[in-house]
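Visitor: Sharing coords_25.pdb below, PDB, C-alpha atoms:
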MODEL        1
ATOM      1  CA  MET A   1       0.000   0.000   0.000
ATOM      2  CA  THR A   2       1.482   3.352  -0.976
ATOM      3  CA  GLU A   3       1.760   6.161   1.538
ATOM      4  CA  ARG A   4      -0.947   8.136  -0.283
ATOM      5  CA  THR A   5      -3.273   5.109  -0.302
ATOM      6  CA  ALA A   6      -2.669   4.501   3.402
ATOM      7  CA  VAL A   7      -3.423   8.120   4.253
ATOM      8  CA  ARG A   8      -6.607   7.964   2.163
ATOM      9  CA  ALA A   9      -7.702   4.777   3.958
ATOM     10  CA  VAL A  10      -7.092   6.285   7.371
ATOM     11  CA  THR A  11      -8.946   9.452   6.380
ATOM     12  CA  THR A  12     -11.910   7.474   5.044
ATOM     13  CA  GLY A  13     -12.063   5.372   8.193
ATOM     14  CA  ALA A  14     -11.930   8.436  10.413
ATOM     15  CA  LEU A  15     -14.685  10.084   8.397
ATOM     16  CA  ALA A  16     -16.860   6.970   8.700
ATOM     17  CA  THR A  17     -16.303   6.943  12.457
ATOM     18  CA  VAL A  18     -17.345  10.584  12.704
ATOM     19  CA  LEU A  19     -20.436  10.023  10.588
ATOM     20  CA  LEU A  20     -21.446   6.974  12.600
ATOM     21  CA  GLY A  21     -20.959   8.955  15.773
ATOM     22  CA  LEU A  22     -23.217  11.712  14.469
ATOM     23  CA  ALA A  23     -25.917   9.376  13.186
ATOM     24  CA  PRO A  24     -27.873   9.087  16.466
ATOM     25  CA  HIS A  25     -27.869  12.854  16.834
ATOM     26  CA  ALA A  26     -29.102  13.254  13.275
ATOM     27  CA  ALA A  27     -31.901  10.816  13.996
ATOM     28  CA  LEU A  28     -32.923  12.782  17.068
ATOM     29  CA  ALA A  29     -33.018  15.965  14.988
ATOM     30  CA  ALA A  30     -35.228  14.413  12.311
ATOM     31  CA  PRO A  31     -38.433  16.413  11.849
ATOM     32  CA  VAL A  32     -41.567  15.088  13.510
ATOM     33  CA  PRO A  33     -44.132  14.173  10.851
ATOM     34  CA  ALA A  34     -47.199  16.372  10.483
ATOM     35  CA  PRO A  35     -50.552  14.820  11.374
ATOM     36  CA  GLN A  36     -52.825  13.628   8.607
ATOM     37  CA  ALA A  37     -54.842  16.488   7.159
ATOM     38  CA  PRO A  38     -58.478  16.059   6.136
ATOM     39  CA  ALA A  39     -59.278  15.711   2.453
ATOM     40  CA  ARG A  40     -60.777  18.743   0.733
ATOM     41  CA  ASP A  41     -64.015  16.932  -0.025
ATOM     42  CA  GLY A  42     -64.200  15.896   3.641
ATOM     43  CA  VAL A  43     -63.976  19.520   4.738
ATOM     44  CA  ALA A  44     -66.731  20.438   2.287
ATOM     45  CA  ALA A  45     -68.936  17.602   3.552
ATOM     46  CA  ALA A  46     -68.300  18.599   7.169
ATOM     47  CA  ARG A  47     -69.277  22.177   6.437
ATOM     48  CA  ALA A  48     -72.416  21.009   4.683
ATOM     49  CA  ALA A  49     -73.365  19.091   7.830
ATOM     50  CA  ALA A  50     -72.680  22.147   9.998
ATOM     51  CA  THR A  51     -74.792  24.426   7.812
ATOM     52  CA  ASP A  52     -77.647  21.978   7.347
ATOM     53  CA  PRO A  53     -81.030  23.481   8.347
ATOM     54  CA  ALA A  54     -81.467  20.775  10.981
ATOM     55  CA  THR A  55     -78.124  21.740  12.544
ATOM     56  CA  LEU A  56     -79.045  25.421  12.549
ATOM     57  CA  ASP A  57     -82.335  24.552  14.231
ATOM     58  CA  THR A  58     -80.450  22.593  16.891
ATOM     59  CA  LEU A  59     -78.075  25.535  17.323
ATOM     60  CA  ALA A  60     -81.004  27.867  17.942
ATOM     61  CA  ARG A  61     -82.205  25.612  20.734
ATOM     62  CA  PHE A  62     -78.657  25.211  22.043
ATOM     63  CA  PHE A  63     -78.207  28.975  22.343
ATOM     64  CA  ALA A  64     -81.638  29.316  23.943
ATOM     65  CA  ALA A  65     -80.770  26.650  26.513
ATOM     66  CA  GLU A  66     -77.395  28.253  27.201
ATOM     67  CA  ARG A  67     -79.095  31.605  27.753
ATOM     68  CA  LYS A  68     -81.618  30.093  30.138
ATOM     69  CA  ARG A  69     -78.944  28.114  31.983
ATOM     70  CA  GLY A  70     -76.832  31.227  32.387
ATOM     71  CA  GLY A  71     -79.729  33.333  33.613
ATOM     72  CA  ALA A  72     -79.201  35.907  30.864
ATOM     73  CA  ALA A  73     -81.675  38.697  30.283
ATOM     74  CA  ALA A  74     -84.362  38.207  27.666
ATOM     75  CA  ALA A  75     -83.215  38.646  24.097
ATOM     76  CA  ALA A  76     -83.900  41.951  22.398
ATOM     77  CA  PRO A  77     -87.077  42.104  20.293
ATOM     78  CA  GLY A  78     -86.537  40.501  16.925
ATOM     79  CA  THR A  79     -83.423  38.558  17.923
ATOM     80  CA  ALA A  80     -84.981  35.654  19.787
ATOM     81  CA  SER A  81     -86.322  34.127  16.590
ATOM     82  CA  ALA A  82     -83.339  35.018  14.407
ATOM     83  CA  ALA A  83     -81.487  31.957  13.159
ATOM     84  CA  PRO A  84     -77.845  31.439  14.101
ATOM     85  CA  ARG A  85     -75.289  31.348  11.307
ATOM     86  CA  ILE A  86     -72.062  29.512  10.515
ATOM     87  CA  GLU A  87     -69.271  32.025  10.091
ATOM     88  CA  GLY A  88     -65.797  31.637   8.585
ATOM     89  CA  GLY A  89     -64.156  28.450   7.416
ATOM     90  CA  THR A  90     -64.372  24.905   8.731
ATOM     91  CA  VAL A  91     -61.053  23.954  10.307
ATOM     92  CA  PRO A  92     -59.356  20.703  11.315
ATOM     93  CA  VAL A  93     -58.850  20.253  15.044
ATOM     94  CA  TYR A  94     -55.858  18.255  16.212
ATOM     95  CA  ALA A  95     -55.308  16.881  19.714
ATOM     96  CA  LEU A  96     -52.366  15.328  21.540
ATOM     97  CA  SER A  97     -51.792  11.822  20.195
ATOM     98  CA  PRO A  98     -51.608   8.801  22.529
ATOM     99  CA  ASP A  99     -49.015   7.286  20.183
ATOM    100  CA  PHE A 100     -46.803  10.334  20.717
ATOM    101  CA  VAL A 101     -47.210   9.961  24.485
ATOM    102  CA  ARG A 102     -46.281   6.274  24.162
ATOM    103  CA  GLY A 103     -43.085   7.282  22.380
ATOM    104  CA  ARG A 104     -43.811   5.391  19.174
ATOM    105  CA  VAL A 105     -41.343   6.056  16.390
ATOM    106  CA  ALA A 106     -42.490   8.572  13.756
ATOM    107  CA  ALA A 107     -45.715   9.336  15.650
ATOM    108  CA  PRO A 108     -46.889  12.918  15.087
ATOM    109  CA  VAL A 109     -47.383  15.096  18.154
ATOM    110  CA  ALA A 110     -51.097  15.396  17.442
ATOM    111  CA  ARG A 111     -53.764  13.670  15.394
ATOM    112  CA  LEU A 112     -56.894  14.837  13.648
ATOM    113  CA  GLU A 113     -59.895  14.564  15.978
ATOM    114  CA  PHE A 114     -62.706  16.392  14.195
ATOM    115  CA  LEU A 115     -63.552  19.450  12.102
ATOM    116  CA  ALA A 116     -65.012  22.581  13.658
ATOM    117  CA  SER A 117     -67.184  25.420  12.390
ATOM    118  CA  LYS A 118     -67.935  28.631  14.259
ATOM    119  CA  ALA A 119     -71.604  29.307  14.939
ATOM    120  CA  VAL A 120     -72.810  32.783  15.872
ATOM    121  CA  ALA A 121     -76.129  33.535  17.566
ATOM    122  CA  ALA A 122     -78.222  36.610  16.808
ATOM    123  CA  ASP A 123     -76.987  38.212  20.039
ATOM    124  CA  GLY A 124     -73.333  37.574  19.211
ATOM    125  CA  ARG A 125     -72.701  34.545  21.399
ATOM    126  CA  THR A 126     -70.603  31.830  19.758
ATOM    127  CA  ALA A 127     -70.452  28.065  19.674
ATOM    128  CA  SER A 128     -68.338  25.466  17.945
ATOM    129  CA  VAL A 129     -69.998  22.786  15.816
ATOM    130  CA  TRP A 130     -67.932  19.613  15.719
ATOM    131  CA  THR A 131     -68.225  17.217  12.803
ATOM    132  CA  ALA A 132     -66.609  13.797  12.467
ATOM    133  CA  HIS A 133     -66.628  11.024   9.884
ATOM    134  CA  ARG A 134     -68.959   8.368  11.239
ATOM    135  CA  GLY A 135     -70.824   5.610   9.481
ATOM    136  CA  GLY A 136     -69.508   6.586   6.067
ATOM    137  CA  SER A 137     -70.432  10.272   6.221
ATOM    138  CA  TRP A 138     -69.622  13.497   8.044
ATOM    139  CA  LYS A 139     -71.992  14.163  10.931
ATOM    140  CA  VAL A 140     -72.371  16.687  13.717
ATOM    141  CA  VAL A 141     -71.142  14.980  16.900
ATOM    142  CA  ASN A 142     -70.987  17.841  19.380
ATOM    143  CA  ILE A 143     -71.779  21.489  20.034
ATOM    144  CA  ALA A 144     -69.576  23.423  22.467
ATOM    145  CA  SER A 145     -69.982  26.997  23.625
ATOM    146  CA  GLY A 146     -67.288  29.452  22.601
ATOM    147  CA  ASP A 147     -65.059  29.473  19.532
ATOM    148  CA  ASP A 148     -61.752  28.089  20.836
ATOM    149  CA  GLU A 149     -61.220  25.731  17.903
ATOM    150  CA  THR A 150     -61.509  28.287  15.110
ATOM    151  CA  ARG A 151     -59.953  31.131  17.127
ATOM    152  CA  TYR A 152     -56.769  29.266  18.018
ATOM    153  CA  SER A 153     -56.510  27.791  14.531
ATOM    154  CA  ALA A 154     -56.533  31.337  13.159
ATOM    155  CA  ALA A 155     -54.003  32.524  15.751
ATOM    156  CA  GLY A 156     -51.619  29.707  14.879
ATOM    157  CA  ALA A 157     -51.997  30.237  11.140
ATOM    158  CA  ALA A 158     -51.237  33.938  11.570
ATOM    159  CA  ARG A 159     -47.979  33.037  13.296
ATOM    160  CA  ASP A 160     -46.987  30.238  10.911
ATOM    161  CA  ALA A 161     -49.342  28.891   8.253
ATOM    162  CA  SER A 162     -47.183  25.779   7.835
ATOM    163  CA  GLY A 163     -47.361  24.855  11.529
ATOM    164  CA  THR A 164     -49.861  22.610  13.308
ATOM    165  CA  VAL A 165     -52.224  23.986  15.938
ATOM    166  CA  PHE A 166     -53.216  21.338  18.459
ATOM    167  CA  HIS A 167     -55.051  20.978  21.755
ATOM    168  CA  GLU A 168     -53.984  19.214  24.925
ATOM    169  CA  PRO A 169     -57.491  18.705  26.336
ATOM    170  CA  GLN A 170     -56.287  17.323  29.651
ATOM    171  CA  ILE A 171     -55.270  20.853  30.692
ATOM    172  CA  ASP A 172     -57.238  22.747  28.022
ATOM    173  CA  ALA A 173     -54.033  24.098  26.480
ATOM    174  CA  TRP A 174     -53.512  25.184  22.868
ATOM    175  CA  TYR A 175     -50.160  25.012  21.095
ATOM    176  CA  LEU A 176     -48.497  25.611  17.760
ATOM    177  CA  GLN A 177     -45.961  23.059  16.551
ATOM    178  CA  ARG A 178     -43.343  24.633  14.283
ATOM    179  CA  GLY A 179     -40.807  22.037  13.253
ATOM    180  CA  ASP A 180     -38.972  20.971  16.406
ATOM    181  CA  ARG A 181     -40.606  23.640  18.571
ATOM    182  CA  ILE A 182     -43.829  23.612  20.585
ATOM    183  CA  GLU A 183     -45.071  27.151  21.204
ATOM    184  CA  PRO A 184     -47.907  28.223  23.513
ATOM    185  CA  LEU A 185     -51.047  29.900  22.213
ATOM    186  CA  ASP A 186     -52.858  30.451  25.519
ATOM    187  CA  ALA A 187     -52.220  30.876  29.237
ATOM    188  CA  ASP A 188     -52.589  27.160  30.021
ATOM    189  CA  ALA A 189     -49.978  26.289  27.407
ATOM    190  CA  ARG A 190     -47.613  28.993  28.660
ATOM    191  CA  LYS A 191     -47.898  27.550  32.140
ATOM    192  CA  ALA A 192     -47.041  24.092  30.772
ATOM    193  CA  VAL A 193     -44.132  24.880  28.428
ATOM    194  CA  GLY A 194     -43.092  28.434  29.259
ATOM    195  CA  ALA A 195     -43.654  31.698  27.434
ATOM    196  CA  HIS A 196     -41.152  30.825  24.715
ATOM    197  CA  GLY A 197     -42.171  27.200  24.308
ATOM    198  CA  THR A 198     -40.014  24.101  24.298
ATOM    199  CA  THR A 199     -38.640  21.415  22.009
ATOM    200  CA  VAL A 200     -40.712  18.506  20.747
ATOM    201  CA  ASP A 201     -38.481  16.105  22.667
ATOM    202  CA  ALA A 202     -38.912  18.017  25.929
ATOM    203  CA  TYR A 203     -42.649  18.197  25.372
ATOM    204  CA  ARG A 204     -42.751  14.441  24.766
ATOM    205  CA  LYS A 205     -41.039  13.849  28.109
ATOM    206  CA  ARG A 206     -43.535  16.115  29.864
ATOM    207  CA  VAL A 207     -46.656  14.441  28.468
ATOM    208  CA  ALA A 208     -45.200  10.954  28.916
ATOM    209  CA  LYS A 209     -44.682  11.726  32.598
ATOM    210  CA  ALA A 210     -48.147  13.255  32.921
ATOM    211  CA  TYR A 211     -50.192  10.720  30.963
ATOM    212  CA  GLY A 212     -48.017   7.665  30.349
ATOM    213  CA  ASP A 213     -49.783   5.668  33.063
ATOM    214  CA  LYS A 214     -53.256   6.904  32.079
ATOM    215  CA  LEU A 215     -53.481   5.700  28.502
ATOM    216  CA  PRO A 216     -56.348   3.519  27.263
ATOM    217  CA  GLY A 217     -56.071   0.058  28.804
ATOM    218  CA  SER A 218     -54.164   1.310  31.843
ATOM    219  CA  ALA A 219     -55.247   0.700  35.428
ATOM    220  CA  TYR A 220     -56.348   4.339  35.533
ATOM    221  CA  ASP A 221     -58.589   3.736  32.536
ATOM    222  CA  LYS A 222     -59.967   0.479  33.936
ATOM    223  CA  ARG A 223     -60.959   2.240  37.142
ATOM    224  CA  GLY A 224     -63.252   4.391  35.033
ATOM    225  CA  GLU A 225     -61.300   7.601  35.571
ATOM    226  CA  ALA A 226     -60.078   8.256  32.027
ATOM    227  CA  GLY A 227     -63.021  10.489  31.240
ATOM    228  CA  GLY A 228     -62.609  12.556  34.367
ATOM    229  CA  TYR A 229     -65.904  11.368  35.838
ATOM    230  CA  GLY A 230     -64.765   8.625  38.164
ATOM    231  CA  PRO A 231     -65.941   8.123  41.756
ATOM    232  CA  GLY A 232     -65.486  11.262  43.806
ATOM    233  CA  THR A 233     -64.758  13.440  40.803
ATOM    234  CA  GLY A 234     -66.743  15.977  38.958
ATOM    235  CA  THR A 235     -65.628  17.990  35.989
ATOM    236  CA  GLY A 236     -62.450  19.961  36.082
ATOM    237  CA  GLY A 237     -60.454  17.176  37.688
ATOM    238  CA  GLY A 238     -62.697  16.900  40.712
ATOM    239  CA  THR A 239     -63.608  20.563  41.145
ATOM    240  CA  GLY A 240     -67.106  20.296  39.762
ATOM    241  CA  PRO A 241     -70.295  18.852  41.198
ATOM    242  CA  ALA A 242     -70.523  15.171  42.037
ATOM    243  CA  PRO A 243     -72.627  12.943  39.776
ATOM    244  CA  ALA A 244     -76.329  13.156  40.470
ATOM    245  CA  ALA A 245     -78.107  10.260  42.130
ATOM    246  CA  GLY A 246     -78.777   7.462  39.711
ATOM    247  CA  GLU A 247     -75.980   8.434  37.338
ATOM    248  CA  PRO A 248     -73.193   5.929  36.684
ATOM    249  CA  ALA A 249     -70.052   6.530  38.728
ATOM    250  CA  ALA A 250     -67.953   6.868  35.579
ATOM    251  CA  ARG A 251     -69.558   9.235  33.106
ATOM    252  CA  ARG A 252     -67.594   9.546  29.923
ATOM    253  CA  PRO A 253     -68.384  12.330  27.469
ATOM    254  CA  ALA A 254     -69.403  11.037  24.050
ATOM    255  CA  GLU A 255     -67.026  13.351  22.242
ATOM    256  CA  ALA A 256     -65.502  13.169  18.799
ATOM    257  CA  SER A 257     -62.278  11.594  20.037
ATOM    258  CA  ALA A 258     -64.276   8.592  21.185
ATOM    259  CA  VAL A 259     -64.913   7.701  17.559
ATOM    260  CA  ASN A 260     -61.535   6.010  17.210
ATOM    261  CA  GLY A 261     -61.738   4.387  20.645
ATOM    262  CA  ASP A 262     -58.258   5.441  21.742
ATOM    263  CA  ARG A 263     -58.176   8.675  23.657
ATOM    264  CA  LEU A 264     -56.288  10.281  26.482
ATOM    265  CA  PRO A 265     -58.069  11.184  29.724
ATOM    266  CA  VAL A 266     -59.940  14.471  29.769
ATOM    267  CA  THR A 267     -60.044  15.754  33.313
ATOM    268  CA  ALA A 268     -60.120  19.522  33.218
ATOM    269  CA  ALA A 269     -61.479  21.028  30.049
ATOM    270  CA  THR A 270     -65.176  20.322  29.826
ATOM    271  CA  THR A 271     -68.575  19.664  31.333
ATOM    272  CA  VAL A 272     -71.181  17.305  29.933
ATOM    273  CA  ALA A 273     -74.776  18.504  30.116
ATOM    274  CA  ALA A 274     -77.426  16.361  31.770
ATOM    275  CA  ALA A 275     -79.430  13.863  29.727
ATOM    276  CA  ALA A 276     -82.485  16.069  30.087
ATOM    277  CA  ALA A 277     -80.649  18.870  28.309
ATOM    278  CA  LEU A 278     -79.769  16.526  25.450
ATOM    279  CA  LEU A 279     -83.390  15.584  25.010
ATOM    280  CA  ALA A 280     -84.532  19.186  25.250
ATOM    281  CA  LEU A 281     -82.203  20.119  22.432
ATOM    282  CA  GLY A 282     -83.326  17.205  20.295
ATOM    283  CA  LEU A 283     -79.868  15.665  20.160
ATOM    284  CA  SER A 284     -79.114  11.965  20.208
ATOM    285  CA  ALA A 285     -77.632  10.262  23.247
ATOM    286  CA  THR A 286     -74.307   9.938  21.424
ATOM    287  CA  THR A 287     -73.871  13.700  21.323
ATOM    288  CA  ALA A 288     -72.499  15.612  24.292
ATOM    289  CA  LEU A 289     -73.200  19.301  24.771
ATOM    290  CA  ARG A 290     -70.116  20.752  26.317
ATOM    291  CA  ARG A 291     -69.496  24.046  28.039
ATOM    292  CA  ARG A 292     -66.098  25.609  28.463
ATOM    293  CA  ARG A 293     -64.631  26.153  31.860
ATOM    294  CA  SER A 294     -65.894  29.290  33.555
ATOM    295  CA  GLY A 295     -63.839  32.319  32.670
ATOM    296  CA  ARG A 296     -63.296  31.169  29.103
TER     297      ARG A 296
ENDMDL
END
Is it possible to give me this structure as C-alpha cells?

Guide:
Amino acid sequence: MTERTAVRAVTTGALATVLLGLAPHAALAAPVPAPQAPARDGVAAARAAATDPATLDTLARFFAAERKRGGAAAAAPGTASAAPRIEGGTVPVYALSPDFVRGRVAAPVARLEFLASKAVAADGRTASVWTAHRGGSWKVVNIASGDDETRYSAAGAARDASGTVFHEPQIDAWYLQRGDRIEPLDADARKAVGAHGTTVDAYRKRVAKAYGDKLPGSAYDKRGEAGGYGPGTGTGGGTGPAPAAGEPAARRPAEASAVNGDRLPVTAATTVAAAAALLALGLSATTALRRRRSGR
C-alpha cells in the first residue's frame, strides 16, 4: 500500500467513524411528521353538515338553553327568533396523540380529531360545531360553547401557516408546533411549556410523565377515571359537582375523540350537560353538549 493510499484509507475510516458517531444525533433531529390532514371533499362535507337546516335549528335551541342556563336577560325584540349562522371556514382540530405519548417512532405530536365550524347567535354569542366522519359520512357529533377551535386555529396560522395547531385537552391548552418547537397559544400552554415554548423532545417527556400511566387500557382507565368522571370526581379534575343520584359513577363524554376508541383522559377542560338537556335540544344520546370552563 502506498503512503498516499494509506493516508486515504485512514482518512476514510476516520470520516466513517465521525459520521457513525453523528448518526444518532441526526436521527434525534429528524423532523416530527405532520398529522394527517383532512381531504378537501371531507372539509366540504363537514361544512355542509354544519350548515344543514337541521343543525341550525339545533343551534337555535342550544343557544336558547345556554341563555336560560346562564340566567341571561331576555333577548332583544326581533333577535330571539333570528337563526344562528355559521361564520368563517371549517377547520381541522388536532389533539395530543396517545401514540406520541407512548413514544412510538415517527408518531406525530397530534392527530386529527374532528372538524369545527364557528356558529354565531343573533346576540353575538358563539359556539363550535364539531363534525366527524362516522358511518360513512360526516356528521355533527358535538356542540360546544365558545369558539376556541376556530380562534386558536386562526391565531396559529397567523404566526406560521405551515405549523400545526393542536389541543392538549387534559389541561385545556392550545399550542403551535413549528418544526422541532412547541409554542404556547394560551395561558394554560404557557404555564405548561413556558412563554417561549419548548422542544418537541422536551414536550414528549412532559406528556409521557403526565399521561403515560393513564393511557387507554391502563389501570387508571380500567378504574373508570379516564373520562374525568370517576368516583369522587366531577368535571375539572374533581372541582365540579358530584354525579347526580342514579348516574353511573364513571360518566364519559361522548365526544368526537371517542370515535376512534383510543383517547387520552380528559379531566379539566369540559362539562357534559345532563341527559335532560340533550333531550330538550333534540340531540341523540351519542352527542355531548359541552361548556367551556368558567372564565373562558

Visitor: Quick one: everything within 10 Å of Asp52 of chain A, counting only C-alpha atoms, minus sequence neighbours fewer than 5 positions away in the same chain. Send it as a PyMOL selection string.

Guide: chain A and resi 46-47+57-58+86+140

Visitor: Just to confirm, what's the straight-line distance from atom CA of Arg206 of chain A to atom CA of Pro98 of chain A in Å (one decimal)?

Guide: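 So the answer is 13.1 Å.
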
Visitor: If we count only C-alpha atoms, what is near Pro53 of chain A at a cut-off of 12 Å, once residues fewer than 6 positions away on the same chain are taken out, given as an MDAnalysis selection string?

Guide: chainID A and resid 47 59:60 83:86

Visitor: Could you please determine the separation between atom CA of Ala189 of chain A and atom CA of Ile143 of chain A in Å, to one decimal place?

Guide: 23.5 Å

Visitor: For the atom pair atom CA of Ser137 of chain A and atom CA of Leu96 of chain A, what is the interatomic distance in Å to one decimal place?

Guide: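 These atoms are spaced 24.2 Å apart.
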
Visitor: Find the residues near segment 38-41 of chain A: any atom within 10 Å, counting all atoms listed in the file, skip ones fewer than 5 places away on the same chain, and give them as a ChimeraX atom specification.

Guide: /A:46-47,91-93,112,114-115

Visitor: Run the PyMOL selection byres ((chain A and resi 122) around 7) mentally over the shown coordinates, then write out the matched residues as a tab-separated table (two decimals) with C-alpha atoms, in the frame of the given file, using the chain letters and numbers from the document.

Guide:
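Full text of selection.tsv as output:
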chain	number	residue	atom	x	y	z
A	79	THR	CA	-83.42	38.56	17.92
A	82	ALA	CA	-83.34	35.02	14.41
A	83	ALA	CA	-81.49	31.96	13.16
A	84	PRO	CA	-77.84	31.44	14.10
A	120	VAL	CA	-72.81	32.78	15.87
A	121	ALA	CA	-76.13	33.53	17.57
A	123	ASP	CA	-76.99	38.21	20.04
A	124	GLY	CA	-73.33	37.57	19.21

Visitor: Give the answer as one residue: which of A:Arg111, A:Arg159, A:His167, A:Arg102 has the shortest atom-to-atom distance to Lys209 of chain A, using all atoms listed in the file?

Guide: A:Arg102
